[in-house]
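Worksheet for the structure shown next.
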Amino acid sequence: MSNDNIISDNMNSSNEIMSNDCNRIYVCSDCIEGIFSAIYDIFTHVSRHETTHDNCKIIAGEIGNFELFSEYIDVKTDNEKALKVTRKICDRFGFECYQSFLYAASCNDDKKADAIYKSILTGLRAGAGFKLLNMWTDKNIAHINILSRSAFNEFASWREFLQFHELSNNTLFSRIAPKCDILMFLSSHFANRFPNEDFMIYDEVRDKYLVHEKQKECVIIIGNGINPDEETYFSDEDIKIDKLFKIFTSTIAIKERMNKKLQQQLIPLRIQNYKIEF
């Protein structure tokens with residue numbers, strides 16, 4: 001059977017042969033492509049060796065504590081494998097489910113990769129179809145739903161409160177420090193709204209840059225990016241407008257009605273640090 005059919009017919013098999021005693025732990029890169037590559041490799045191994053999924057597990061990123069009686073397999077990220085898994089997920093469970101996996105994969109969580117794999121396995125065994133995410137009684141699916149909601153809320157917050165500043169070369173620049181890796185989600189949002197602008201969003205937590213050139217696709221650059229100094233690289237007009245805006249907000253503010261607790265509910269403190277009016 002060809003590899004193209006492994007993520008279709010063989011993913012449905014629930015009557016598997018008895019498992020080996022040794023656990024197989026697949027270690028992949030901490031990204032959705034790496035996780036999907038590991039899932040593809042697991043189903044390939046199970047199909048070819050007629051073994052079971054019960055002793056398989058996925059870890060994304062660095063290994064914490066090593067487990068006894070376990071075999072660790074390094075997974076190389078393969079975009080073709082990831083694309084095949086993506087297509088099958090969309091066909092079997094729908095695009096909404098795929099989006100939930102994307103949001104879950106962006107979270108800082110040690111169990112996310114294995115939860116995605118086990119959720120897919122549960123959906124195939126149960127024939128859940130497009131109702132996979134409604135199976136809250138399954139701990140892995142419930143975990144995916146919680147992670148997905150958390151990542152979407154983080155994305156929604158930065159999408160609403162993110163502020164751009166103009167550099168001396170007319171490029172729009174913004175700094176963020178999100179809890180989740182949301183640059184990929186911000187890219188489509190701002191590229192659709194500013195197709196004729198050069199802009200850059202810097203994730204300080206992960207040292208990643210989202211770069212967009214006018215009328216081009218967004219790209220993400222990891223490490224060794226630009227770290228502009230406000231006084232040197234920001235345009236004079238931008239610095240002037242920032243000062244005027246601070247004066248405006250402080251002038252119209254009514255001190256007697258200031259409510260710090262309400263401000264923190266509407267805009268978390270970690271986001272206020274990146275807004276000029278605070």
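Every chain in the structure tokens takes a letter, A first, then B, and so on in the order presented; its residues are numbered from 1, and the ligands are numbered from 1 following the presented order.
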
Hey, what's within 8 Å of Tyr274 of chain A if we count only C-alpha atoms and toss same-chain stuff fewer than 3 positions away? As number ranges by chain, please?
A: 162-163, 175-176, 270-271

Any idea what's packed within 12 Å of Glu277 of chain A, counting only C-alpha atoms, ignoring anything in its chain fewer than 3 positions away? Could you give it as a list of chain:residue names?
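Returned residues: A:Phe161, A:Gln163, A:Ile241, A:Asp242, A:Lys243, A:Leu244, A:Phe245, A:Lys246, A:Ile247, A:Phe248, A:Thr249, A:Ser250, A:Thr251, A:Ile252, A:Ala253, A:Gln263, A:Ile267, A:Ile271, A:Gln272, A:Asn273, A:Tyr274.
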
Could you give me, as a PyMOL selection string, the residues within 10 Å of Asp30 of chain A, counting only C-alpha atoms and dropping anything in the same chain fewer than 2 positions from it?
chain A and resi 27-28+32-35+59-62+77+105-108+110+112-113

Now that the selection is made, can you save its residues with all heavy atoms as a CSV table (one decimal), in the first residue's frame?
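So part38.csv came out as:
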chain,number,residue,atom,x,y,z
A,27,VAL,N,9.8,12.3,18.7
A,27,VAL,CA,10.2,13.7,19.1
A,27,VAL,C,10.2,14.6,17.8
A,27,VAL,O,11.0,14.3,16.9
A,27,VAL,CB,11.5,13.7,19.8
A,27,VAL,CG1,11.9,15.1,20.2
A,27,VAL,CG2,11.5,12.7,21.0
A,28,CYS,N,9.4,15.6,17.8
A,28,CYS,CA,9.3,16.4,16.6
A,28,CYS,C,9.6,17.9,16.9
A,28,CYS,O,9.6,18.3,18.1
A,28,CYS,CB,7.9,16.3,15.9
A,28,CYS,SG,6.6,16.8,16.9
A,32,ILE,N,3.3,23.0,13.9
A,32,ILE,CA,2.2,22.2,13.4
A,32,ILE,C,2.7,21.2,12.3
A,32,ILE,O,2.3,20.1,12.2
A,32,ILE,CB,1.0,23.0,12.8
A,32,ILE,CG1,-0.2,22.1,12.6
A,32,ILE,CG2,1.4,23.7,11.6
A,32,ILE,CD1,-0.8,21.5,13.9
A,33,GLU,N,3.7,21.7,11.5
A,33,GLU,CA,4.2,20.8,10.4
A,33,GLU,C,5.0,19.6,11.0
A,33,GLU,O,4.9,18.5,10.5
A,33,GLU,CB,5.2,21.6,9.5
A,33,GLU,CG,4.5,22.6,8.6
A,33,GLU,CD,4.3,23.9,9.4
A,33,GLU,OE1,4.7,24.0,10.5
A,33,GLU,OE2,3.7,24.9,8.8
A,34,GLY,N,5.7,19.9,12.1
A,34,GLY,CA,6.5,18.8,12.8
A,34,GLY,C,5.5,17.8,13.4
A,34,GLY,O,5.8,16.6,13.4
A,35,ILE,N,4.5,18.3,14.1
A,35,ILE,CA,3.5,17.4,14.7
A,35,ILE,C,2.8,16.5,13.7
A,35,ILE,O,2.7,15.3,13.9
A,35,ILE,CB,2.5,18.2,15.5
A,35,ILE,CG1,3.2,19.0,16.7
A,35,ILE,CG2,1.4,17.3,16.1
A,35,ILE,CD1,2.3,20.0,17.4
A,59,ILE,N,6.1,13.9,21.3
A,59,ILE,CA,6.6,15.1,22.1
A,59,ILE,C,7.1,16.1,21.1
A,59,ILE,O,7.9,15.9,20.3
A,59,ILE,CB,7.7,14.6,23.1
A,59,ILE,CG1,7.3,13.7,24.1
A,59,ILE,CG2,8.4,15.9,23.7
A,59,ILE,CD1,8.3,13.2,25.0
A,60,ALA,N,6.6,17.3,21.3
A,60,ALA,CA,7.0,18.5,20.5
A,60,ALA,C,8.0,19.3,21.2
A,60,ALA,O,7.8,19.8,22.3
A,60,ALA,CB,5.8,19.3,20.0
A,61,GLY,N,9.2,19.6,20.6
A,61,GLY,CA,10.2,20.4,21.2
A,61,GLY,C,11.2,19.6,22.0
A,61,GLY,O,11.5,18.4,21.7
A,62,GLU,N,11.7,20.2,23.1
A,62,GLU,CA,12.7,19.5,23.9
A,62,GLU,C,12.1,18.5,24.8
A,62,GLU,O,10.9,18.6,25.2
A,62,GLU,CB,13.4,20.6,24.8
A,62,GLU,CG,14.2,21.6,23.9
A,62,GLU,CD,14.9,22.6,24.8
A,62,GLU,OE1,14.8,22.5,26.1
A,62,GLU,OE2,15.6,23.5,24.3
A,77,THR,N,10.9,17.2,10.1
A,77,THR,CA,9.7,17.9,9.5
A,77,THR,C,9.7,17.8,8.0
A,77,THR,O,10.7,18.1,7.3
A,77,THR,CB,9.8,19.4,10.0
A,77,THR,OG1,9.8,19.5,11.4
A,77,THR,CG2,8.5,20.1,9.4
A,105,ALA,N,-1.7,24.0,18.7
A,105,ALA,CA,-0.3,23.8,18.5
A,105,ALA,C,0.5,25.1,18.8
A,105,ALA,O,1.7,25.0,19.0
A,105,ALA,CB,0.0,23.4,17.0
A,106,SER,N,-0.1,26.2,18.8
A,106,SER,CA,0.6,27.5,19.0
A,106,SER,C,0.8,27.7,20.5
A,106,SER,O,1.5,28.7,20.9
A,106,SER,CB,-0.2,28.7,18.4
A,106,SER,OG,-1.4,28.9,19.1
A,107,CYS,N,0.2,26.9,21.4
A,107,CYS,CA,0.3,27.1,22.8
A,107,CYS,C,1.6,26.5,23.4
A,107,CYS,O,2.1,25.6,22.8
A,107,CYS,CB,-0.9,26.5,23.5
A,107,CYS,SG,-2.5,27.2,23.2
A,108,ASN,N,2.0,27.0,24.5
A,108,ASN,CA,3.1,26.5,25.2
A,108,ASN,C,2.6,25.4,26.2
A,108,ASN,O,2.3,25.6,27.3
A,108,ASN,CB,3.9,27.5,26.0
A,108,ASN,CG,4.5,28.6,25.1
A,108,ASN,OD1,5.0,28.3,24.0
A,108,ASN,ND2,4.5,29.8,25.6
A,110,ASP,N,3.1,21.0,27.1
A,110,ASP,CA,3.9,19.8,26.8
A,110,ASP,C,3.1,18.7,26.2
A,110,ASP,O,3.6,17.8,25.6
A,110,ASP,CB,4.5,19.3,28.2
A,110,ASP,CG,5.5,20.3,28.7
A,110,ASP,OD1,6.1,21.1,27.9
A,110,ASP,OD2,5.7,20.3,29.9
A,112,LYS,N,0.4,19.0,24.1
A,112,LYS,CA,-0.4,19.4,23.0
A,112,LYS,C,-0.3,18.5,21.8
A,112,LYS,O,-1.2,18.1,21.1
A,112,LYS,CB,-0.1,20.8,22.5
A,112,LYS,CG,1.3,21.1,22.1
A,112,LYS,CD,1.6,22.5,21.7
A,112,LYS,CE,3.0,22.7,21.3
A,112,LYS,NZ,3.4,24.1,21.0
A,113,ALA,N,1.0,18.1,21.5
A,113,ALA,CA,1.3,17.2,20.3
A,113,ALA,C,0.6,15.9,20.4
A,113,ALA,O,0.0,15.4,19.5
A,113,ALA,CB,2.8,17.1,20.1

Can you pull out every residue within 12 Å of segment 84-92 of chain A, counting only C-alpha atoms, but drop anything in the same chain fewer than 3 positions away, and send it as a PDB file with C-alpha atoms, in the first residue's frame?
ATOM      1  CA  ASN A   3       2.121   6.116   1.630  1.00  0.00           C
ATOM      2  CA  ASP A   4      -0.594   8.316   0.092  1.00  0.00           C
ATOM      3  CA  ASN A   5      -3.249   5.921   1.337  1.00  0.00           C
ATOM      4  CA  ILE A   6      -1.818   5.450   4.815  1.00  0.00           C
ATOM      5  CA  ILE A   7      -3.556   8.521   6.221  1.00  0.00           C
ATOM      6  CA  SER A   8      -6.843   7.377   4.738  1.00  0.00           C
ATOM      7  CA  ASP A   9      -7.618   3.673   4.895  1.00  0.00           C
ATOM      8  CA  ASN A  10      -5.161   2.595   7.564  1.00  0.00           C
ATOM      9  CA  MET A  11      -6.065   5.454   9.903  1.00  0.00           C
ATOM     10  CA  ASN A  12      -9.484   3.823  10.278  1.00  0.00           C
ATOM     11  CA  ILE A  32       2.213  22.153  13.353  1.00  0.00           C
ATOM     12  CA  GLU A  33       4.247  20.797  10.417  1.00  0.00           C
ATOM     13  CA  GLY A  34       6.475  18.843  12.796  1.00  0.00           C
ATOM     14  CA  ILE A  35       3.510  17.423  14.717  1.00  0.00           C
ATOM     15  CA  PHE A  36       1.736  16.346  11.520  1.00  0.00           C
ATOM     16  CA  SER A  37       4.966  14.776  10.217  1.00  0.00           C
ATOM     17  CA  ALA A  38       5.174  12.715  13.419  1.00  0.00           C
ATOM     18  CA  ILE A  39       1.537  11.636  13.038  1.00  0.00           C
ATOM     19  CA  TYR A  40       2.226  10.541   9.463  1.00  0.00           C
ATOM     20  CA  ASP A  41       5.269   8.535  10.565  1.00  0.00           C
ATOM     21  CA  ILE A  42       3.302   6.811  13.326  1.00  0.00           C
ATOM     22  CA  PHE A  43       0.533   5.669  10.995  1.00  0.00           C
ATOM     23  CA  THR A  44       3.145   4.550   8.479  1.00  0.00           C
ATOM     24  CA  ASP A  78       8.400  17.108   6.091  1.00  0.00           C
ATOM     25  CA  ASN A  79       5.995  19.579   4.498  1.00  0.00           C
ATOM     26  CA  GLU A  80       4.618  16.974   2.076  1.00  0.00           C
ATOM     27  CA  LYS A  81       3.729  14.618   4.925  1.00  0.00           C
ATOM     28  CA  PHE A  95     -11.716  22.843   8.469  1.00  0.00           C
ATOM     29  CA  GLU A  96     -12.922  24.044  11.873  1.00  0.00           C
ATOM     30  CA  CYS A  97     -11.239  21.060  13.511  1.00  0.00           C
ATOM     31  CA  TYR A  98      -8.041  21.760  11.595  1.00  0.00           C
ATOM     32  CA  GLN A  99      -8.102  25.369  12.821  1.00  0.00           C
ATOM     33  CA  SER A 100      -8.513  24.158  16.393  1.00  0.00           C
ATOM     34  CA  PHE A 101      -5.430  21.989  15.972  1.00  0.00           C
ATOM     35  CA  LEU A 102      -3.535  25.029  14.650  1.00  0.00           C
ATOM     36  CA  ILE A 116      -3.655  16.241  18.729  1.00  0.00           C
ATOM     37  CA  TYR A 117      -2.496  12.757  17.712  1.00  0.00           C
ATOM     38  CA  SER A 119      -7.748  13.191  19.218  1.00  0.00           C
ATOM     39  CA  ILE A 120      -7.328  12.215  15.562  1.00  0.00           C
ATOM     40  CA  LEU A 121      -7.065   8.564  16.552  1.00  0.00           C
ATOM     41  CA  GLY A 123     -12.144  10.497  15.941  1.00  0.00           C
ATOM     42  CA  LEU A 124     -11.213   7.829  13.409  1.00  0.00           C
ATOM     43  CA  ARG A 125     -12.066   4.954  15.720  1.00  0.00           C
ATOM     44  CA  ALA A 126     -15.397   6.490  16.713  1.00  0.00           C
ATOM     45  CA  GLY A 127     -16.270   7.724  13.233  1.00  0.00           C
ATOM     46  CA  ALA A 128     -16.880  11.161  14.731  1.00  0.00           C
ATOM     47  CA  GLY A 129     -16.661  13.047  11.459  1.00  0.00           C
ATOM     48  CA  PHE A 130     -17.280  16.797  11.720  1.00  0.00           C
ATOM     49  CA  LYS A 131     -18.485  16.379  15.332  1.00  0.00           C
ATOM     50  CA  LEU A 132     -15.068  15.434  16.687  1.00  0.00           C
TER      51      LEU A 132
END

With only C-alpha atoms as the atoms that count, which of A:His165, A:Lys118, A:Arg257, A:Lys275 lies nearest to His143 of chain A?
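Between A:His165, A:Lys118, A:Arg257, A:Lys275, the residue approaching His143 of chain A most closely is A:Lys118.
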
To test your reading of the structure, identify every residue in segment 19-265 of chain A that backbone DSSP assigns to helix (DSSP H, G or I), and report it as a ChimeraX atom specification.
/A:32-49,79-93,95-105,112-126,129-134,139-161,183-193,230-233,236-252,255-257,260-265

When you draw a straight line from atom CA of Leu183 of chain A to atom CA of Glu197 of chain A, how long is it in Å?
17.2 Å

Mind giving me the straight-line distance from atom CA of Asp54 of chain A to atom CA of Trp136 of chain A in Å, one decimal?
20.8 Å

Judged by only C-alpha atoms, the minimum distance to Ile73 of chain A among A:Arg149, A:Lys255, A:Arg24, A:His212 is found for A:Arg24

All residues 10 Å or closer to Lys216 of chain A, only C-alpha atoms, same chain fewer than 5 positions away omitted, as a ChimeraX atom specification:
/A:191,195-198,211

Grab the residues selected above and save them as a CSV table (one decimal), in the first residue's frame with N, CA, C and O atoms.
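Below is the file part-v7.csv, written as the result:
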chain,number,residue,atom,x,y,z
A,191,ALA,N,-2.3,41.5,6.8
A,191,ALA,CA,-2.0,41.5,5.3
A,191,ALA,C,-3.2,41.9,4.5
A,191,ALA,O,-3.1,42.6,3.5
A,195,PRO,N,-2.6,45.8,2.6
A,195,PRO,CA,-1.8,45.1,1.5
A,195,PRO,C,-0.8,46.0,0.8
A,195,PRO,O,0.2,45.5,0.2
A,196,ASN,N,-1.0,47.3,0.9
A,196,ASN,CA,-0.1,48.3,0.3
A,196,ASN,C,0.9,48.9,1.3
A,196,ASN,O,1.5,50.0,1.0
A,197,GLU,N,1.1,48.3,2.4
A,197,GLU,CA,2.0,48.8,3.4
A,197,GLU,C,3.1,47.8,3.7
A,197,GLU,O,2.9,46.6,3.7
A,198,ASP,N,4.3,48.3,4.0
A,198,ASP,CA,5.4,47.5,4.5
A,198,ASP,C,5.3,47.5,6.1
A,198,ASP,O,5.3,48.6,6.7
A,211,VAL,N,7.2,39.7,8.7
A,211,VAL,CA,7.6,40.7,7.7
A,211,VAL,C,6.7,40.7,6.5
A,211,VAL,O,6.4,39.6,5.9

DSSP strand (DSSP E or B) residues within segment 126-271 of chain A, as an NGL selection string:
:A and (165-167 or 172-176 or 199-203 or 208-212 or 219-222 or 234)

Which value, in Å to one decimal, gives the distance between atom CA of Ile25 of chain A and atom CA of Asp114 of chain A?
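For atom CA of Ile25 of chain A relative to atom CA of Asp114 of chain A, the distance reads 9.8 Å.
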
Skip Asn169 of chain A itself and residues of its chain fewer than 5 positions away, then list as JSON, numbers by chain all residues within 9 Å of it, counting only C-alpha atoms.
{"A": [233, 234, 235]}

Now that the selection is made, can you save its residues with N, CA and C atoms as a compact mmCIF listing (two decimals), in the first residue's frame?
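Dumped to again.txt:
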# COMPACT_ATOMS: atom_id res chain seq x y z
N TYR A 233 15.70 55.05 15.18
CA TYR A 233 15.08 54.48 13.99
C TYR A 233 13.64 54.93 13.77
N PHE A 234 12.93 55.35 14.82
CA PHE A 234 11.56 55.78 14.62
C PHE A 234 11.55 57.14 13.95
N SER A 235 10.57 57.36 13.10
CA SER A 235 10.50 58.62 12.36
C SER A 235 10.17 59.77 13.31

Which one is closest to Ala177 of chain A: A:Tyr209, A:Tyr202, A:Phe93, A:Phe69? Count only C-alpha atoms.
A:Tyr202
